[in-house]
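Each remark here refers to the structure printed beneath this line.
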Amino acid sequence: MFSSSRDLREGLHRSLSLIQAATGFGAEADAPWWIAVPEAQRAAAERGDLKIESLAPLFTTPERHARLLTAFARVGAAPPPPAETLAEMFADAVLSNRALAAHAGRDVYGASNKRLWDVLVSPVAQALDATYGAGLMGEPSGDVRESAPVPAVLDLLSRLMTFDTRPEGADHDACAQCLAELLAARGFEVELRRAEGHAPIITATRGARGLDGELVLYGHYDVSPVEPGRAWRYPPNRLTAAEGRLWGRGVADNLGPLATRLWALETLTKAPALRWIIQGEEERGSPLAHRVFPELLAGLRPTLWLEETGYHDHADGTLRLLSRTIGAAPDASEAPDAALERLLLGLRLLMRSRRLGTRAETRGLNKDVVEGGCPFNRNLPPGARYIALGINDSRARIHAPDESIPAWTGGLHRDELALLFRWAHRVAGEYDP
Amino acid sequence: MELNPAQLESFAAAGYLVVGPLLPPERVERLRAALDELWNAWSAELGVSRAAYCRVVSQWTNLWESHPAFAEQLRDPVCTAMAANLIGCRRVRVFHDHVISKPPGQSSAVPWHQDYPYWPLQAPRAVSLWLALDDATPESGCMHFMPGAHREGECPAVDFLNDSKDWGPRRLAVRAVPVPAGWGIFHHCLSWHTTPANTSERPRRAYISIYMDADCTYDPAHSQWHPMNARVTVPPGGVFNDDNFPIVGEAP
């Protein structure tokens, strides 16, 4: 809400962030959370402290104004005025500031600032609220990486880790049954596909809860073996919270992501239709899934396919935005379509609000180590929109000793899911994959 | 000229009082000329035309420090005595003065508000004298009041640029208070007032002096951001410093 020149400056910084997120970077480039400004102004920009005089050219030079038009168009915001008009508005705001400093003269109606607010800040907020839900353009919060783990996630994860779902383990059925109960408690209709000698595949579906669109989520409840003779810092067979991380076999691959999403779905009251497919043999080549998935996935046309997890850089929390549109060949990556680009933009802005950067890549999660490839990825239909998003980071060490996940990503992933849901609702009627 | 009991009673009931003429035409002209002088100097200082300057800048405070004509008006013994009578105090001190200009076609409405929530005063013992330098009409943005609303006490400060308060039936009791140039409107610091945009072809300038009980004390917690706070040199709870907030008059 606009009340003062400070609000205007903060709002203009947010609009610059949008311009950067929407136009400054291609899908393959880095997008640090700070706004793209000349190096000399970077420190002030990071503090949100650029003066109106410095902000003006960032919106009004021909190159900047072209970006502004593109960015506003991409989020569906009302188009801004021509550069000359904007320059005049900025000149009035600058004059107002100078009069205040020189002889306590005030623009008592705030008209010069309000005009800028009305054309450069307010339309963005309205458009983003409509697409991604309220609050995306809020001020960056404190350091999200200091967030404590979510107790409910710890409980769920501890419970899932009690089952021995290593390839040689004997608890796959029991774990699948436990997950089925947890899913049913969250309103899913659950089906277990069983086959002699195989771990069951869980298919859980839930109707829309107030939002259009549909998401298909993928996951697996089996974990990789614990190789004998290789030392672990903490016991691999139970959950340990230490050093700002959660440790144990399966926490990253894939029990932690499962637990986090189970918790998130319990807390998010609005959601589109969901279909969650969870298998139990990924660590031994997915034999049953390779048999079942071609038929299971063939008829599905959701708004989005959500991979089992995704990654942050452990050094600074940068989110790796792995997304793609599936090409004609199995598992082929093509550039995100317009709808997916809008999702990436929303995620970049969400990360900015958490003071995190993003790095987008057109590809899927690396599963080359999986024998025969990942049955989920291999069976995505052409044109499918895919994204890998989740709680892991680059220190996760899946399949190795000292598997762990950062403790802070759980709450953030819930916010990501909330954004995904709002986005799916928004684009469901606009794009038909 | 002193206020009579009926006027005091009217002020107590309505929260505002029209008095006039307070200034002879030549005094009004002197204040206008002083303002012209200042605007010419200030626009030149900023390197812009006076028209451009006055299109954007619309309020100037502490003019009593910038031009002797305003200093003289601020200390006018008739006006200060009336202010002391209306507050019910012996001596009055200036909080600040200001000119608010609504050029034709270049202003907007000021939402309904009380003044006191924005002021760092420990008690609502202050009045404003809104002195018209031009004829003020409903079209040019004259003062409007809700008579008696000040008796309901202080309300949270209004967001001037995002006002959405629904006044309901109170709207029916609104009074537009047009006054000719040289006339004044005293209003209580808890009065609810507004001015619409100037839609006329004429300027609408007003010189406003804010008088407070000289014994009023500084309470920055009541308004932490007010520009005058920077001029206060006494600690919270102290009587305002005489240099920047001088005593300017007293009751008769």
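In the structure tokens, the first chain shown is A, the next is B, and so on; residue numbers restart at 1 for each chain, and ligands run from 1 in the order shown.
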Next item on the list: Based on DSSP run over this structure's backbone, return all residues of stretch 114-279 of chain A in strand (DSSP E or B), as a PyMOL selection string.
Entry: chain A and resi 189-193+201-206+209-220+240-242+245-247+271-279
Next item on the list: Give as a list in words every residue of chain A that touches chain B within 9 Å, counting only C-alpha atoms.
Entry: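 The complete set of qualifying residues is Met1, Phe2, Ser3, Ser4, Asp92, Ala93, Leu95, Ser96, Arg98, Ala99, Leu100, Ala102, His103, Ala104, Gly105, Arg106, Asp107, Val108, Tyr109, Gly110, Ala111, Ser112 and Lys114 of chain A.
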Show me, as a CSV table (one decimal) with C-alpha atoms, in the first residue's frame, the residues that have an atom within 7 Å of stretch 174-176 of chain A when counting only C-alpha atoms, minus same-chain residues fewer than 2 positions from it.
chain,number,residue,atom,x,y,z
A,160,LEU,CA,8.8,-43.5,7.4
A,163,PHE,CA,10.6,-49.1,7.6
A,171,ASP,CA,9.1,-53.5,4.9
A,172,HIS,CA,8.1,-52.3,1.5
A,178,CYS,CA,1.6,-46.5,6.0
A,179,LEU,CA,1.8,-44.0,3.2
A,180,ALA,CA,-1.6,-45.1,1.9
A,200,PRO,CA,3.5,-51.9,-4.5
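With distances restricted to only C-alpha atoms, A:Leu211 is the closest residue to A:Thr269 from A:His220, A:Gly373, A:Leu304, A:Leu211.
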Check: Could you pull out the alpha helix (DSSP H) residues of stretch 8-230 of chain B from DSSP and send them as a count of residues only?
Finding: 54
Item checked: For B:Val239, the nearest of the candidates B:Tyr218, B:Trp225, B:Phe11, B:Tyr211, counting only C-alpha atoms -> B:Tyr218
Note to self: Report, in Å with one decimal, the straight-line distance from atom CA of A:Arg230 to atom CA of A:Asn366.
What the structure shows: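 Separation of atom CA of A:Arg230 and atom CA of A:Asn366: 24.5 Å.
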Next item on the list: Please measure the separation of atom CA of A:Leu265 and atom CA of A:Arg414, giving the value in Å to one decimal.
Entry: 8.0 Å
Next item on the list: Would you mind listing what lies within 12 Å of B:Val78 as a VMD selection string, with only C-alpha atoms counted and same-chain residues fewer than 5 positions away left out?
Entry: chain B and resid 1 to 3 19 to 23 72 to 73 83 to 85 129 184 248 to 252
I'd like the contact shell of stretch 49-59 of chain A - 10 Å cut-off, only C-alpha atoms, skipping same-chain residues fewer than 2 positions apart - returned as a PDB file with C-alpha atoms, in the first residue's frame.
ATOM      1  CA  SER A   5       7.887   8.197  -0.717  1.00  0.00           C
ATOM      2  CA  ARG A   6       9.587   5.342   1.149  1.00  0.00           C
ATOM      3  CA  LEU A   8       7.273   4.196  -3.494  1.00  0.00           C
ATOM      4  CA  ARG A   9      10.984   3.483  -3.456  1.00  0.00           C
ATOM      5  CA  GLU A  10      10.406   0.037  -1.977  1.00  0.00           C
ATOM      6  CA  LEU A  12       9.997   0.479  -7.407  1.00  0.00           C
ATOM      7  CA  HIS A  13      12.707  -1.879  -6.179  1.00  0.00           C
ATOM      8  CA  SER A  15       9.151  -3.765  -9.788  1.00  0.00           C
ATOM      9  CA  LEU A  16      12.795  -3.800 -10.837  1.00  0.00           C
ATOM     10  CA  ILE A  19      11.720  -6.782 -14.633  1.00  0.00           C
ATOM     11  CA  ALA A  36      20.067  -5.839 -11.940  1.00  0.00           C
ATOM     12  CA  VAL A  37      21.634  -2.435 -11.507  1.00  0.00           C
ATOM     13  CA  PRO A  38      25.012  -0.969 -12.348  1.00  0.00           C
ATOM     14  CA  GLN A  41      24.653   0.986  -7.187  1.00  0.00           C
ATOM     15  CA  ARG A  42      24.515  -2.663  -6.210  1.00  0.00           C
ATOM     16  CA  ALA A  43      24.993  -2.182  -2.477  1.00  0.00           C
ATOM     17  CA  ALA A  44      22.254   0.447  -2.242  1.00  0.00           C
ATOM     18  CA  ALA A  45      19.983  -1.701  -4.375  1.00  0.00           C
ATOM     19  CA  GLU A  46      20.463  -4.703  -2.120  1.00  0.00           C
ATOM     20  CA  ARG A  47      19.390  -2.543   0.801  1.00  0.00           C
ATOM     21  CA  THR A  61      16.016   4.719 -20.821  1.00  0.00           C
ATOM     22  CA  PRO A  62      14.963   3.123 -24.128  1.00  0.00           C
ATOM     23  CA  GLU A  63      16.518  -0.238 -23.251  1.00  0.00           C
ATOM     24  CA  ARG A  64      15.063  -0.256 -19.761  1.00  0.00           C
ATOM     25  CA  HIS A  65      11.652   0.874 -20.893  1.00  0.00           C
ATOM     26  CA  ALA A  66      11.542  -1.918 -23.461  1.00  0.00           C
ATOM     27  CA  ARG A  67      12.244  -4.396 -20.668  1.00  0.00           C
ATOM     28  CA  LEU A  68       9.560  -2.792 -18.564  1.00  0.00           C
ATOM     29  CA  LEU A  69       6.993  -3.260 -21.328  1.00  0.00           C
ATOM     30  CA  ALA A  83       9.044   6.506 -21.513  1.00  0.00           C
ATOM     31  CA  LEU A  86       7.375   8.225 -17.096  1.00  0.00           C
ATOM     32  CA  ALA A  87      10.386  10.510 -17.251  1.00  0.00           C
ATOM     33  CA  GLU A  88       8.146  13.492 -16.520  1.00  0.00           C
ATOM     34  CA  MET A  89       6.583  11.678 -13.581  1.00  0.00           C
ATOM     35  CA  PHE A  90       9.999  10.871 -12.188  1.00  0.00           C
ATOM     36  CA  ALA A  91      11.077  14.483 -12.721  1.00  0.00           C
ATOM     37  CA  ALA A  93       9.004  13.161  -7.871  1.00  0.00           C
ATOM     38  CA  VAL A  94      12.632  14.274  -7.922  1.00  0.00           C
ATOM     39  CA  LEU A  95      11.583  17.924  -7.750  1.00  0.00           C
ATOM     40  CA  ASN A  97      12.293  15.500  -2.985  1.00  0.00           C
ATOM     41  CA  ASN A 113       4.786   9.774  -5.985  1.00  0.00           C
ATOM     42  CA  LEU A 120       4.771   1.105 -11.942  1.00  0.00           C
TER      43      LEU A 120
END
Margin query: Taking 4 positions as the minimum chain separation for residues in the same chain, which residues sit within 8 Å of stretch 146-152 of chain A when counting only C-alpha atoms? Answer as a list of chain:residue names.
Written below: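 My reading of the contact set: A:Leu156, A:Trp263, A:Ala407, A:Trp408, A:Thr409, A:Gly410, A:Gly411.
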Checklist line | Test item: residues at most 12 Å from A:Ala335, only C-alpha atoms, excluding those fewer than 2 positions along its chain, as an MDAnalysis selection string | finding: chainID A and resid 26:28 322:327 332:333 337:341 344 360:364 383:387
Writing out the chosen residues with C-alpha atoms as a compact mmCIF listing (two decimals), in the first residue's frame:
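Now in part05.txt:
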# COMPACT_ATOMS: atom_id res chain seq x y z
CA GLY A 26 17.05 -16.61 -20.11
CA ALA A 27 16.13 -20.02 -18.86
CA GLU A 28 19.79 -21.00 -18.64
CA LEU A 322 15.12 -27.59 -13.52
CA SER A 323 12.20 -27.47 -15.89
CA ARG A 324 11.34 -28.41 -19.41
CA THR A 325 8.64 -29.25 -21.85
CA ILE A 326 8.83 -32.86 -22.97
CA GLY A 327 9.74 -33.34 -26.62
CA ALA A 332 13.57 -35.29 -24.29
CA SER A 333 13.94 -31.77 -22.90
CA ASP A 337 6.48 -23.13 -22.78
CA ALA A 338 4.85 -19.80 -21.96
CA ALA A 339 2.88 -21.24 -19.05
CA LEU A 340 5.94 -22.84 -17.52
CA GLU A 341 7.88 -19.59 -18.00
CA LEU A 344 9.51 -19.95 -13.29
CA ALA A 360 17.30 -22.16 -14.38
CA GLU A 361 18.21 -25.09 -16.59
CA THR A 362 16.20 -26.80 -19.30
CA ARG A 363 16.54 -30.40 -18.22
CA GLY A 364 15.20 -33.00 -15.85
CA GLY A 383 4.20 -31.51 -24.46
CA ALA A 384 4.14 -32.31 -20.73
CA ARG A 385 5.35 -29.52 -18.45
CA TYR A 386 7.87 -30.82 -15.96
CA ILE A 387 9.61 -29.25 -13.01
Notebook entry, point to check: What is the atom CA of A:Pro79-atom CA of A:Ala21 distance in Å, reported with one decimal?
Noted result: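 Between atom CA of A:Pro79 and atom CA of A:Ala21 the gap is 17.2 Å.
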